[in-house]
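Data first, discussion second: the structure below is written as C-alpha cells.
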Amino acid sequence: MKTTDTNNTPPHRRHPSFRRRSQRIPLAMPVEVSGRDANGERFSFTTTATNLNRNGATLHVNRDLRIDSVIVPQNSRAARTSARIVARVNIVQNLCSYGMEFIGADSVKGFWGISFPPRWRDLRTS
C-alpha cells in the first residue's frame, strides 16, 4: 500500500491544547464502511472500529484514505451516517488506523449502541 503525505495528522490536532470532546471507550465493534480511497476508487467492506467515543472512533483499514475525506459507516443495526477522516493514527503491516469523526455528531447519538460517560464539557459546567 502506498501512503501519501496528505494523510498526516493536521497540525491543530497535534497541538497540546487540542482536547477531545468525549472520552474514548476501549471497545471494538464491527462496522461496514464505504467511500472512496486516496486513488478515487470506491470501496465497501467490513472492518473494526476501536476506541469508540460519542463523536467517532478509530478505523482499521487496508486502504490509503485522505484526511478530510467523507466515508459512510454502518453499524450492526443497519444505522448509517456520514463521517470524516480526521487523522492517520498508525500503519502496521499494510493496515492503517484512521481517526474518524461523525459529521453532525448530535444527529448520530447512540450510533454505537452503548452508553458513554458524561461529556467532559458537561462536567466542567456542573
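Ordering of the C-alpha cells sets the chain letters (A, B, ...); residue numbers start at 1 within each chain; ligands are numbered from 1 in the order shown.
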> Do you know which residues are at most 7 Å from A:Pro26 counting only C-alpha atoms, after dropping those on the same chain fewer than 3 positions away, and could you put them as a VMD selection string?
Replying inline: chain A and resid 50 to 52
> Would you give me, as number ranges by chain, the residues in stretch 40-107 of chain A that DSSP reads as strand (DSSP E)?
Replying inline: A: 42-53, 56-61, 70-74, 83-92, 95-102
>> Excluding stretch 73-85 of chain A and its own-chain neighbours fewer than 5 positions away, which residues fall within 9 Å of it when counting only C-alpha atoms? Please give them as a VMD selection string.
In response: chain A and resid 29 to 35 56 65 to 68 98 to 105 107 to 108 111 to 113
> Which one is closest to A:His60: A:Gln93, A:Asn39, A:Gln23, A:Ser115? Count only C-alpha atoms.
Replying inline: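 Comparing A:Gln93, A:Asn39, A:Gln23, A:Ser115 against A:His60, the winner is A:Gln93.
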> Contacts of A:Arg36 at 8 Å or less, counting only C-alpha atoms, minus same-chain residues fewer than 4 places along, as a list of chain:residue names?
Replying inline: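 Skipping anything fewer than 4 positions along the chain leaves A:Gly40, A:Glu41, A:Arg42, A:Phe43, A:Leu65, A:Ser69, A:Ile71.
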Would you mind exporting C-alpha atoms of the selected residues as an mmCIF file, in the first residue's frame?
```cif
data_model
loop_
_atom_site.group_PDB
_atom_site.id
_atom_site.type_symbol
_atom_site.label_atom_id
_atom_site.label_comp_id
_atom_site.auth_asym_id
_atom_site.auth_seq_id
_atom_site.Cartn_x
_atom_site.Cartn_y
_atom_site.Cartn_z
ATOM 1 C CA GLY A 40 -10.621 7.744 -6.000
ATOM 2 C CA GLU A 41 -11.639 4.078 -6.112
ATOM 3 C CA ARG A 42 -14.910 3.091 -4.443
ATOM 4 C CA PHE A 43 -14.756 0.643 -1.574
ATOM 5 C CA LEU A 65 -7.598 7.262 2.792
ATOM 6 C CA SER A 69 -12.498 12.582 3.011
ATOM 7 C CA ILE A 71 -16.987 7.905 4.451
#
```
> A:Ser97: which residues within 7 Å, counting only C-alpha atoms, same-chain residues fewer than 4 positions away excluded, as a list in words?
Replying inline: Thr58, Leu59, His60, Val61, Arg88, Val89, Asn90 and Ile91 of chain A
May I have the selected residues written with N, CA and C atoms, as a PDB file, in the first residue's frame?
```pdb
ATOM      1  N   THR A  58     -11.709   4.941  16.005  1.00  0.00           N
ATOM      2  CA  THR A  58     -10.541   4.635  15.188  1.00  0.00           C
ATOM      3  C   THR A  58     -10.928   3.477  14.276  1.00  0.00           C
ATOM      4  N   LEU A  59     -10.691   3.627  12.969  1.00  0.00           N
ATOM      5  CA  LEU A  59     -10.969   2.566  11.987  1.00  0.00           C
ATOM      6  C   LEU A  59      -9.665   1.923  11.558  1.00  0.00           C
ATOM      7  N   HIS A  60      -9.719   0.628  11.298  1.00  0.00           N
ATOM      8  CA  HIS A  60      -8.535  -0.122  10.855  1.00  0.00           C
ATOM      9  C   HIS A  60      -8.834  -0.662   9.459  1.00  0.00           C
ATOM     10  N   VAL A  61      -8.123  -0.138   8.462  1.00  0.00           N
ATOM     11  CA  VAL A  61      -8.414  -0.478   7.069  1.00  0.00           C
ATOM     12  C   VAL A  61      -7.133  -0.767   6.300  1.00  0.00           C
ATOM     13  N   ARG A  88      -4.518  10.111  10.345  1.00  0.00           N
ATOM     14  CA  ARG A  88      -3.949   8.765  10.239  1.00  0.00           C
ATOM     15  C   ARG A  88      -3.183   8.535  11.529  1.00  0.00           C
ATOM     16  N   VAL A  89      -3.564   7.524  12.261  1.00  0.00           N
ATOM     17  CA  VAL A  89      -3.018   7.285  13.583  1.00  0.00           C
ATOM     18  C   VAL A  89      -1.787   6.393  13.534  1.00  0.00           C
ATOM     19  N   ASN A  90      -1.833   5.351  12.686  1.00  0.00           N
ATOM     20  CA  ASN A  90      -0.769   4.352  12.710  1.00  0.00           C
ATOM     21  C   ASN A  90      -0.813   3.530  11.421  1.00  0.00           C
ATOM     22  N   ILE A  91       0.313   2.928  11.070  1.00  0.00           N
ATOM     23  CA  ILE A  91       0.376   1.964   9.971  1.00  0.00           C
ATOM     24  C   ILE A  91       1.198   0.787  10.457  1.00  0.00           C
TER      25      ILE A  91
END
```
> Using only C-alpha atoms, which of the listed residues (A:Ala28, A:Gly110, A:Asn55, A:Arg63) sits closest to A:Asn94?
Replying inline: A:Arg63
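Atom pair atom CA of A:Ala87 / atom CA of A:Asn53 has a distance of 15.2 Å (rounded to one decimal).
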>> What does the structure give for the distance between atom CA of A:Pro118 and atom CA of A:Ala49, in Å to one decimal?
In response: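 Pair atom CA of A:Pro118 / atom CA of A:Ala49 returns 21.2 Å.
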